[in-house]
file data.pdb (PDB, C-alpha atoms)
ATOM      1  CA  MET A   1     179.138 235.337 112.817
ATOM      2  CA  SER A   2     177.447 238.540 111.722
ATOM      3  CA  ARG A   3     174.495 236.571 110.365
ATOM      4  CA  ALA A   4     173.827 235.222 113.822
ATOM      5  CA  HIS A   5     173.730 238.656 115.366
ATOM      6  CA  ASP A   6     171.550 240.071 112.589
ATOM      7  CA  ALA A   7     168.936 237.334 112.937
ATOM      8  CA  PRO A   8     166.100 237.932 115.409
ATOM      9  CA  HIS A   9     166.111 235.960 118.613
ATOM     10  CA  TRP A  10     163.146 233.608 118.909
ATOM     11  CA  ALA A  11     161.874 235.400 122.032
ATOM     12  CA  ASP A  12     161.816 238.736 120.190
ATOM     13  CA  ILE A  13     159.454 237.492 117.489
ATOM     14  CA  GLY A  14     156.064 238.717 118.637
ATOM     15  CA  GLU A  15     153.123 236.384 119.014
ATOM     16  CA  SER A  16     150.212 237.005 116.695
ATOM     17  CA  THR A  17     147.938 234.492 118.412
ATOM     18  CA  SER A  18     144.526 235.899 119.292
ATOM     19  CA  VAL A  19     143.039 234.452 122.464
ATOM     20  CA  ALA A  20     139.539 235.148 121.173
ATOM     21  CA  GLY A  21     140.378 233.376 117.916
ATOM     22  CA  VAL A  22     141.751 230.330 119.726
ATOM     23  CA  LEU A  23     138.678 230.179 121.935
ATOM     24  CA  PHE A  24     136.417 230.335 118.889
ATOM     25  CA  LEU A  25     138.309 227.535 117.123
ATOM     26  CA  CYS A  26     138.186 225.379 120.241
ATOM     27  CA  TRP A  27     134.445 226.002 120.400
ATOM     28  CA  VAL A  28     134.140 224.862 116.781
ATOM     29  CA  HIS A  29     136.036 221.679 117.593
ATOM     30  CA  ARG A  30     133.994 220.978 120.723
ATOM     31  CA  TRP A  31     130.656 221.248 118.952
ATOM     32  CA  PHE A  32     131.419 220.134 115.394
ATOM     33  CA  GLY A  33     134.604 218.051 115.479
ATOM     34  CA  ARG A  34     138.066 217.982 113.944
ATOM     35  CA  TRP A  35     137.269 218.507 110.263
ATOM     36  CA  PRO A  36     135.089 221.604 110.740
ATOM     37  CA  PHE A  37     137.889 222.919 112.945
ATOM     38  CA  ARG A  38     140.385 222.349 110.140
ATOM     39  CA  LEU A  39     138.135 224.069 107.605
ATOM     40  CA  CYS A  40     137.951 227.114 109.875
ATOM     41  CA  VAL A  41     141.643 227.142 110.731
ATOM     42  CA  TRP A  42     142.938 226.859 107.152
ATOM     43  CA  PRO A  43     142.291 230.522 106.173
ATOM     44  CA  VAL A  44     143.759 231.614 109.520
ATOM     45  CA  VAL A  45     146.926 229.613 108.854
ATOM     46  CA  VAL A  46     147.223 230.927 105.301
ATOM     47  CA  CYS A  47     146.947 234.538 106.485
ATOM     48  CA  HIS A  48     149.480 233.946 109.242
ATOM     49  CA  TRP A  49     151.848 232.199 106.818
ATOM     50  CA  LEU A  50     151.623 235.068 104.327
ATOM     51  CA  GLY A  51     152.194 237.695 106.994
ATOM     52  CA  ASN A  52     155.001 235.925 108.855
ATOM     53  CA  ARG A  53     157.992 236.354 106.566
ATOM     54  CA  VAL A  54     160.535 235.311 109.223
ATOM     55  CA  GLY A  55     158.640 232.163 110.113
ATOM     56  CA  ARG A  56     157.956 231.291 106.490
ATOM     57  CA  ARG A  57     161.613 231.538 105.495
ATOM     58  CA  ALA A  58     162.768 229.682 108.617
ATOM     59  CA  SER A  59     160.324 226.852 107.932
ATOM     60  CA  LEU A  60     161.540 226.462 104.364
ATOM     61  CA  GLN A  61     165.199 226.604 105.446
ATOM     62  CA  TYR A  62     164.596 223.818 107.966
ATOM     63  CA  LEU A  63     162.745 221.636 105.452
ATOM     64  CA  GLN A  64     165.401 222.178 102.792
ATOM     65  CA  ARG A  65     168.222 221.268 105.157
ATOM     66  CA  LEU A  66     166.316 218.240 106.426
ATOM     67  CA  GLN A  67     165.833 216.992 102.874
ATOM     68  CA  ALA A  68     169.422 217.715 101.818
ATOM     69  CA  HIS A  69     170.892 215.957 104.858
ATOM     70  CA  THR A  70     168.521 213.001 105.275
ATOM     71  CA  GLY A  71     166.154 212.787 102.303
ATOM     72  CA  ALA A  72     163.293 212.440 104.808
ATOM     73  CA  LEU A  73     160.797 214.387 102.685
ATOM     74  CA  GLY A  74     161.493 212.474  99.494
ATOM     75  CA  HIS A  75     161.344 215.604  97.331
ATOM     76  CA  ALA A  76     162.682 219.124  97.147
ATOM     77  CA  PRO A  77     160.532 221.159  99.584
ATOM     78  CA  GLY A  78     158.676 224.250  98.393
ATOM     79  CA  TRP A  79     156.103 226.719  99.634
ATOM     80  CA  ARG A  80     153.390 224.047  99.870
ATOM     81  CA  ASP A  81     155.513 222.088 102.344
ATOM     82  CA  SER A  82     156.097 225.202 104.426
ATOM     83  CA  LEU A  83     152.362 225.898 104.482
ATOM     84  CA  ARG A  84     151.706 222.314 105.573
ATOM     85  CA  HIS A  85     154.312 222.826 108.300
ATOM     86  CA  PHE A  86     152.365 225.835 109.608
ATOM     87  CA  PHE A  87     149.097 223.926 109.442
ATOM     88  CA  SER A  88     150.616 221.009 111.347
ATOM     89  CA  PHE A  89     151.506 223.454 114.105
ATOM     90  CA  ALA A  90     147.954 224.851 114.217
ATOM     91  CA  ASP A  91     146.501 221.350 114.364
ATOM     92  CA  THR A  92     148.923 220.432 117.130
ATOM     93  CA  MET A  93     148.041 223.557 119.119
ATOM     94  CA  LEU A  94     144.500 222.223 119.430
ATOM     95  CA  ASP A  95     145.857 218.906 120.687
ATOM     96  CA  LYS A  96     148.053 220.728 123.224
ATOM     97  CA  ILE A  97     144.994 222.427 124.674
ATOM     98  CA  LEU A  98     142.966 219.208 124.640
ATOM     99  CA  GLY A  99     145.833 217.302 126.241
ATOM    100  CA  LEU A 100     146.408 219.779 129.045
ATOM    101  CA  GLY A 101     142.668 219.924 129.671
ATOM    102  CA  GLY A 102     142.418 216.136 129.860
ATOM    103  CA  ARG A 103     140.156 215.989 126.793
ATOM    104  CA  TYR A 104     142.412 214.356 124.210
ATOM    105  CA  PRO A 105     141.230 210.784 123.410
ATOM    106  CA  PRO A 106     143.699 208.504 125.236
ATOM    107  CA  GLU A 107     143.137 205.682 122.735
ATOM    108  CA  ARG A 108     144.891 207.798 120.104
ATOM    109  CA  ILE A 109     148.128 207.899 122.100
ATOM    110  CA  HIS A 110     150.668 205.103 121.883
ATOM    111  CA  LEU A 111     152.557 205.588 125.131
ATOM    112  CA  GLN A 112     155.949 203.918 125.472
ATOM    113  CA  ARG A 113     156.183 204.296 129.210
ATOM    114  CA  ASP A 114     157.995 201.159 130.400
ATOM    115  CA  LEU A 115     161.220 203.067 130.987
ATOM    116  CA  VAL A 116     159.699 205.436 133.524
ATOM    117  CA  LEU A 117     157.177 203.096 135.165
ATOM    118  CA  GLY A 118     159.830 201.403 137.285
ATOM    119  CA  LYS A 119     161.359 204.741 138.239
ATOM    120  CA  ILE A 120     157.982 206.078 139.335
ATOM    121  CA  ALA A 121     157.258 202.945 141.380
ATOM    122  CA  ARG A 122     160.612 203.307 143.176
ATOM    123  CA  ARG A 123     160.085 207.078 143.559
ATOM    124  CA  GLU A 124     163.249 207.779 141.567
ATOM    125  CA  GLY A 125     162.981 211.138 139.846
ATOM    126  CA  GLY A 126     165.021 212.544 137.020
ATOM    127  CA  LEU A 127     165.482 215.181 134.361
ATOM    128  CA  ILE A 128     163.584 214.869 131.084
ATOM    129  CA  LEU A 129     165.248 216.491 128.104
ATOM    130  CA  THR A 130     162.925 217.313 125.240
ATOM    131  CA  ALA A 131     162.424 219.700 122.321
ATOM    132  CA  HIS A 132     159.743 221.641 120.462
ATOM    133  CA  ILE A 133     158.528 218.552 118.648
ATOM    134  CA  GLY A 134     154.970 217.331 118.370
ATOM    135  CA  CYS A 135     152.557 217.616 121.270
ATOM    136  CA  LEU A 136     154.569 217.153 124.442
ATOM    137  CA  GLU A 137     151.620 218.270 126.546
ATOM    138  CA  LEU A 138     150.122 214.826 126.041
ATOM    139  CA  CYS A 139     152.381 213.638 128.856
ATOM    140  CA  GLN A 140     149.347 214.715 130.892
ATOM    141  CA  VAL A 141     147.876 211.377 129.835
ATOM    142  CA  LEU A 142     150.755 209.622 131.571
ATOM    143  CA  ALA A 143     150.019 211.616 134.729
ATOM    144  CA  GLU A 144     146.413 210.450 134.585
ATOM    145  CA  GLN A 145     147.218 206.806 133.834
ATOM    146  CA  VAL A 146     150.150 206.367 136.217
ATOM    147  CA  PRO A 147     149.573 207.425 139.835
ATOM    148  CA  GLY A 148     152.582 209.178 141.278
ATOM    149  CA  PHE A 149     153.892 210.643 138.020
ATOM    150  CA  ARG A 150     154.696 214.290 138.724
ATOM    151  CA  ILE A 151     156.398 216.585 136.252
ATOM    152  CA  THR A 152     157.533 220.195 136.353
ATOM    153  CA  VAL A 153     157.976 221.756 132.915
ATOM    154  CA  LEU A 154     160.458 224.628 132.654
ATOM    155  CA  VAL A 155     160.025 227.233 129.926
ATOM    156  CA  HIS A 156     162.043 230.360 129.197
ATOM    157  CA  THR A 157     159.442 232.837 128.050
ATOM    158  CA  ALA A 158     156.574 234.899 129.389
ATOM    159  CA  HIS A 159     154.429 233.310 126.652
ATOM    160  CA  ALA A 160     153.818 230.575 129.249
ATOM    161  CA  GLN A 161     151.822 233.000 131.382
ATOM    162  CA  ARG A 162     149.524 233.861 128.479
ATOM    163  CA  PHE A 163     149.102 230.196 127.583
ATOM    164  CA  ASN A 164     148.264 229.318 131.201
ATOM    165  CA  ARG A 165     145.610 232.060 131.300
ATOM    166  CA  LEU A 166     144.147 230.676 128.081
ATOM    167  CA  LEU A 167     144.035 227.183 129.575
ATOM    168  CA  GLN A 168     142.215 228.490 132.631
ATOM    169  CA  ARG A 169     139.527 229.975 130.385
ATOM    170  CA  LEU A 170     139.176 226.752 128.441
ATOM    171  CA  ASP A 171     139.292 224.331 131.367
ATOM    172  CA  PRO A 172     139.824 225.555 134.950
ATOM    173  CA  LEU A 173     140.633 221.999 136.047
ATOM    174  CA  ALA A 174     143.658 221.603 133.773
ATOM    175  CA  ALA A 175     146.313 219.935 135.944
ATOM    176  CA  VAL A 176     149.508 220.865 134.111
ATOM    177  CA  GLU A 177     151.075 224.275 134.520
ATOM    178  CA  LEU A 178     154.080 225.606 132.641
ATOM    179  CA  VAL A 179     156.669 227.183 134.939
ATOM    180  CA  GLN A 180     158.397 230.288 133.642
ATOM    181  CA  VAL A 181     162.101 230.387 134.462
ATOM    182  CA  THR A 182     164.060 233.380 133.181
ATOM    183  CA  GLY A 183     167.052 232.660 135.360
ATOM    184  CA  MET A 184     168.271 229.587 137.256
ATOM    185  CA  GLY A 185     169.013 231.037 140.692
ATOM    186  CA  PRO A 186     169.847 229.111 143.876
ATOM    187  CA  ALA A 187     166.219 229.122 145.070
ATOM    188  CA  THR A 188     164.997 227.589 141.800
ATOM    189  CA  ALA A 189     167.754 224.974 141.841
ATOM    190  CA  VAL A 190     166.872 223.970 145.409
ATOM    191  CA  MET A 191     163.187 223.727 144.518
ATOM    192  CA  LEU A 192     163.909 221.487 141.539
ATOM    193  CA  ALA A 193     166.301 219.313 143.555
ATOM    194  CA  GLU A 194     163.569 218.750 146.122
ATOM    195  CA  LYS A 195     161.120 217.703 143.412
ATOM    196  CA  VAL A 196     163.562 215.178 141.937
ATOM    197  CA  ALA A 197     164.544 213.867 145.385
ATOM    198  CA  SER A 198     160.869 213.191 146.143
ATOM    199  CA  GLY A 199     160.488 211.158 142.937
ATOM    200  CA  GLY A 200     159.297 213.861 140.578
ATOM    201  CA  PHE A 201     160.543 214.715 137.106
ATOM    202  CA  VAL A 202     161.726 218.020 135.697
ATOM    203  CA  ALA A 203     161.356 218.630 131.952
ATOM    204  CA  ILE A 204     163.393 221.164 129.999
ATOM    205  CA  VAL A 205     163.794 221.799 126.273
ATOM    206  CA  GLY A 206     167.225 221.629 124.706
ATOM    207  CA  ASP A 207     166.640 223.310 121.344
ATOM    208  CA  ARG A 208     166.331 227.026 122.152
ATOM    209  CA  VAL A 209     169.073 229.345 123.379
ATOM    210  CA  PRO A 210     168.311 231.203 126.621
ATOM    211  CA  VAL A 211     166.133 234.285 126.682
ATOM    212  CA  GLN A 212     168.425 236.050 129.132
ATOM    213  CA  GLY A 213     172.021 235.245 129.936
ATOM    214  CA  GLY A 214     173.200 231.680 129.875
ATOM    215  CA  ARG A 215     175.429 230.121 127.271
ATOM    216  CA  SER A 216     175.121 228.017 124.191
ATOM    217  CA  VAL A 217     177.505 225.791 122.260
ATOM    218  CA  MET A 218     177.635 224.882 118.604
ATOM    219  CA  ALA A 219     176.610 221.418 117.445
ATOM    220  CA  ASP A 220     176.078 219.810 114.051
ATOM    221  CA  PHE A 221     172.392 219.613 113.189
ATOM    222  CA  LEU A 222     171.139 218.585 109.748
ATOM    223  CA  GLY A 223     174.552 219.211 108.240
ATOM    224  CA  HIS A 224     175.099 222.723 109.636
ATOM    225  CA  HIS A 225     176.379 224.230 112.876
ATOM    226  CA  ALA A 226     173.627 225.508 115.175
ATOM    227  CA  PRO A 227     173.622 226.961 118.695
ATOM    228  CA  PHE A 228     172.255 224.728 121.441
ATOM    229  CA  PRO A 229     171.783 225.792 125.065
ATOM    230  CA  ILE A 230     173.833 224.227 127.840
ATOM    231  CA  GLY A 231     171.352 224.911 130.644
ATOM    232  CA  ALA A 232     169.854 221.415 130.652
ATOM    233  CA  TYR A 233     173.253 219.747 131.141
ATOM    234  CA  VAL A 234     174.354 222.188 133.820
ATOM    235  CA  LEU A 235     171.078 221.522 135.633
ATOM    236  CA  ALA A 236     171.437 217.760 135.214
ATOM    237  CA  SER A 237     174.962 217.928 136.630
ATOM    238  CA  ALA A 238     173.764 219.958 139.620
ATOM    239  CA  LEU A 239     170.850 217.600 140.290
ATOM    240  CA  ALA A 240     173.085 214.523 139.903
ATOM    241  CA  CYS A 241     170.129 212.551 138.600
ATOM    242  CA  PRO A 242     169.366 210.329 135.602
ATOM    243  CA  VAL A 243     168.478 212.055 132.339
ATOM    244  CA  TYR A 244     165.906 210.861 129.813
ATOM    245  CA  THR A 245     164.647 212.139 126.489
ATOM    246  CA  MET A 246     160.973 212.425 125.656
ATOM    247  CA  SER A 247     159.435 212.760 122.213
ATOM    248  CA  CYS A 248     155.846 213.043 121.062
ATOM    249  CA  LEU A 249     155.367 212.610 117.328
ATOM    250  CA  HIS A 250     152.377 212.177 115.054
ATOM    251  CA  GLU A 251     151.571 208.555 114.315
ATOM    252  CA  GLY A 252     148.487 207.749 112.256
ATOM    253  CA  ASP A 253     145.561 209.774 113.580
ATOM    254  CA  GLY A 254     147.254 210.189 116.969
ATOM    255  CA  TYR A 255     150.667 210.387 118.598
ATOM    256  CA  ARG A 256     153.484 208.215 119.875
ATOM    257  CA  VAL A 257     155.071 209.334 123.163
ATOM    258  CA  ALA A 258     158.455 207.753 123.825
ATOM    259  CA  PHE A 259     160.973 207.982 126.663
ATOM    260  CA  GLU A 260     164.620 207.012 126.122
ATOM    261  CA  HIS A 261     167.641 206.826 128.384
ATOM    262  CA  PHE A 262     170.093 209.687 127.812
ATOM    263  CA  ALA A 263     172.554 209.410 130.716
ATOM    264  CA  ASP A 264     172.787 207.922 134.208
ATOM    265  CA  ARG A 265     174.471 211.136 135.276
ATOM    266  CA  VAL A 266     175.851 214.181 133.470
ATOM    267  CA  VAL A 267     179.369 214.852 134.705
ATOM    268  CA  LEU A 268     181.132 218.100 133.823
ATOM    269  CA  PRO A 269     184.796 217.762 134.804
ATOM    270  CA  ARG A 270     186.358 221.025 135.907
ATOM    271  CA  GLY A 271     189.309 220.700 133.547
ATOM    272  CA  SER A 272     187.248 219.824 130.473
ATOM    273  CA  ARG A 273     183.882 221.382 131.223
ATOM    274  CA  ASP A 274     183.441 223.097 127.843
ATOM    275  CA  ALA A 275     184.280 219.925 125.936
ATOM    276  CA  ALA A 276     181.848 217.919 128.066
ATOM    277  CA  LEU A 277     179.055 220.441 127.463
ATOM    278  CA  ALA A 278     179.697 220.389 123.714
ATOM    279  CA  GLU A 279     179.585 216.585 123.738
ATOM    280  CA  GLN A 280     176.234 216.540 125.538
ATOM    281  CA  ALA A 281     174.764 219.112 123.136
ATOM    282  CA  GLN A 282     175.962 217.087 120.151
ATOM    283  CA  ARG A 283     174.350 213.927 121.554
ATOM    284  CA  PHE A 284     171.093 215.815 121.931
ATOM    285  CA  ALA A 285     171.358 217.216 118.378
ATOM    286  CA  ARG A 286     171.771 213.683 117.014
ATOM    287  CA  TRP A 287     168.713 212.548 118.980
ATOM    288  CA  LEU A 288     166.718 215.494 117.617
ATOM    289  CA  GLU A 289     167.749 214.597 114.068
ATOM    290  CA  LEU A 290     166.320 211.108 114.541
ATOM    291  CA  GLN A 291     163.013 212.592 115.679
ATOM    292  CA  VAL A 292     162.567 215.011 112.775
ATOM    293  CA  ILE A 293     163.502 212.302 110.277
ATOM    294  CA  GLN A 294     160.589 210.238 111.595
ATOM    295  CA  SER A 295     158.113 213.136 111.494
ATOM    296  CA  PRO A 296     159.451 216.126 109.512
ATOM    297  CA  LEU A 297     156.503 218.469 110.118
ATOM    298  CA  ASP A 298     156.548 218.006 113.889
ATOM    299  CA  TRP A 299     159.442 220.370 114.742
ATOM    300  CA  PHE A 300     158.053 223.794 115.586
ATOM    301  CA  ASN A 301     160.813 226.399 115.631
ATOM    302  CA  PHE A 302     159.641 229.110 113.228
ATOM    303  CA  PHE A 303     162.665 231.380 113.507
ATOM    304  CA  PRO A 304     166.216 231.384 112.030
ATOM    305  CA  PHE A 305     167.413 228.468 114.147
ATOM    306  CA  TRP A 306     170.917 228.180 112.702
ATOM    307  CA  ASP A 307     171.534 231.936 112.596
ATOM    308  CA  GLN A 308     170.396 233.034 116.045
ATOM    309  CA  ALA A 309     172.612 234.411 118.779
ATOM    310  CA  PRO A 310     172.141 234.239 122.555
ATOM    311  CA  HIS A 311     169.865 236.916 124.009
ATOM    312  CA  ASP A 312     171.989 238.495 126.697
ATOM    313  CA  ASP A 313     170.176 241.682 127.614
TER     314      ASP A 313
END
call {"tool": "encode", "arguments": {"input": "data.pdb", "output": "structure tokens"}}
result
Amino acid sequence: MSRAHDAPHWADIGESTSVAGVLFLCWVHRWFGRWPFRLCVWPVVVCHWLGNRVGRRASLQYLQRLQAHTGALGHAPGWRDSLRHFFSFADTMLDKILGLGGRYPPERIHLQRDLVLGKIARREGGLILTAHIGCLELCQVLAEQVPGFRITVLVHTAHAQRFNRLLQRLDPLAAVELVQVTGMGPATAVMLAEKVASGGFVAIVGDRVPVQGGRSVMADFLGHHAPFPIGAYVLASALACPVYTMSCLHEGDGYRVAFEHFADRVVLPRGSRDAALAEQAQRFARWLELQVIQSPLDWFNFFPFWDQAPHDD
């Protein structure tokens, strides 16, 4: 237990991203293409990897536990794999910006959208449960290809404000906005319920403990206990709506976006609420394992995931 309290919370790990640097790299990509971008970003990634001891160790711990539990990597991971993990994140950051700005090539996205097409046509909204895997911002392509698809993405950090400002500088017409939610008060719950009732979708990640308050439960993930937040299941129970999972993983030179059914409704019985929450978190952890097995370098949590404690102040 002491290890959890000694480990830094993910929200306390400062960002080292330079807006000017990101703008320059995006300029390189716009005028010269992907490979010149990668040549420019490599020294940046190496410097960040060398200077980010917490992230470097967390990356290696994740890769080691993934290999030990599933054999997905096919070899014992070392520093080269961790560096590739960091580079995959940098490469994906470009795709996030391109996706939110409507400039990612749609032909490079294999979109498994059949599950939600019928729901959208019938104006039946729901909750989308996802994680920090791949380039989830490419759901913008679904919004462009399917009229009526509306999604509100909830995030738990002020980093969203900085990212939104960056997007405005890169493309003022970007249609997707991240919504910062530090606490789920009655007004927020009512607003989200109205969106779902009108046929919209609400997306929330299930792999980071809350920034302030809230609770988490322990679930088995890659052979070890890890804390998972309960907020998504409490929200799903309050909204009384269907729940889906959404993944976006690298596939070839593009991505595969997939929606899956998670639950018709999340019910939290009063007498066994804690057990029901733990069961939902464990189901999500198993789903997340299946995703990282398919694409090991697509999970982007560069902090001590297994050792963190809730951030309650």
call {"tool": "closest_residue", "arguments": {"input": "data.pdb", "among": "A:Trp42, A:Trp27, A:Phe284, A:Phe89", "to": "A:Phe300", "atoms": "all atoms listed in the file"}}
result
A:Phe89
call {"tool": "closest_residue", "arguments": {"input": "data.pdb", "among": "A:Arg270, A:His132, A:Arg256, A:Arg113", "to": "A:Phe149", "atoms": "all atoms listed in the file"}}
result
A:Arg113
call {"tool": "resolve_selection", "arguments": {"input": "data.pdb", "expression": "the PyMOL selection byres ((chain A and resi 93) around 12)", "output": "ChimeraX atom specification"}}
result
/A:17,22-23,25-26,37-38,41,45,86-92,94-100,104,132-138,163,167,298,300
call {"tool": "residues_around", "arguments": {"input": "data.pdb", "residues": "A:Ala232", "least_positions_apart": "2", "cutoff": "10 Å", "atoms": "all atoms listed in the file", "output": "PDB file with C-alpha atoms, keeping the file's coordinate frame"}}
result
ATOM      1  CA  LEU A 127     165.482 215.181 134.361  1.00  0.00           C
ATOM      2  CA  ILE A 128     163.584 214.869 131.084  1.00  0.00           C
ATOM      3  CA  LEU A 129     165.248 216.491 128.104  1.00  0.00           C
ATOM      4  CA  THR A 130     162.925 217.313 125.240  1.00  0.00           C
ATOM      5  CA  ALA A 203     161.356 218.630 131.952  1.00  0.00           C
ATOM      6  CA  ILE A 204     163.393 221.164 129.999  1.00  0.00           C
ATOM      7  CA  VAL A 205     163.794 221.799 126.273  1.00  0.00           C
ATOM      8  CA  GLY A 206     167.225 221.629 124.706  1.00  0.00           C
ATOM      9  CA  PRO A 229     171.783 225.792 125.065  1.00  0.00           C
ATOM     10  CA  ILE A 230     173.833 224.227 127.840  1.00  0.00           C
ATOM     11  CA  VAL A 234     174.354 222.188 133.820  1.00  0.00           C
ATOM     12  CA  LEU A 235     171.078 221.522 135.633  1.00  0.00           C
ATOM     13  CA  ALA A 236     171.437 217.760 135.214  1.00  0.00           C
ATOM     14  CA  SER A 237     174.962 217.928 136.630  1.00  0.00           C
ATOM     15  CA  ALA A 238     173.764 219.958 139.620  1.00  0.00           C
ATOM     16  CA  VAL A 243     168.478 212.055 132.339  1.00  0.00           C
ATOM     17  CA  VAL A 266     175.851 214.181 133.470  1.00  0.00           C
ATOM     18  CA  LEU A 277     179.055 220.441 127.463  1.00  0.00           C
ATOM     19  CA  GLN A 280     176.234 216.540 125.538  1.00  0.00           C
ATOM     20  CA  ALA A 281     174.764 219.112 123.136  1.00  0.00           C
TER      21      ALA A 281
END
call {"tool": "residues_around", "arguments": {"input": "data.pdb", "residues": "stretch 292-295 of chain A", "least_positions_apart": "2", "cutoff": "7 Å", "atoms": "only C-alpha atoms", "output": "PyMOL selection string"}}
result
chain A and resi 72+249-250+288-290+297-299
call {"tool": "resolve_selection", "arguments": {"input": "data.pdb", "expression": "the PyMOL selection byres ((chain A and resi 219) around 7)", "output": "list in words"}}
result
Val217, Met218, Asp220, Phe221, His225, Ala226, Pro227, Phe228, Ala281, Gln282 and Ala285 of chain A
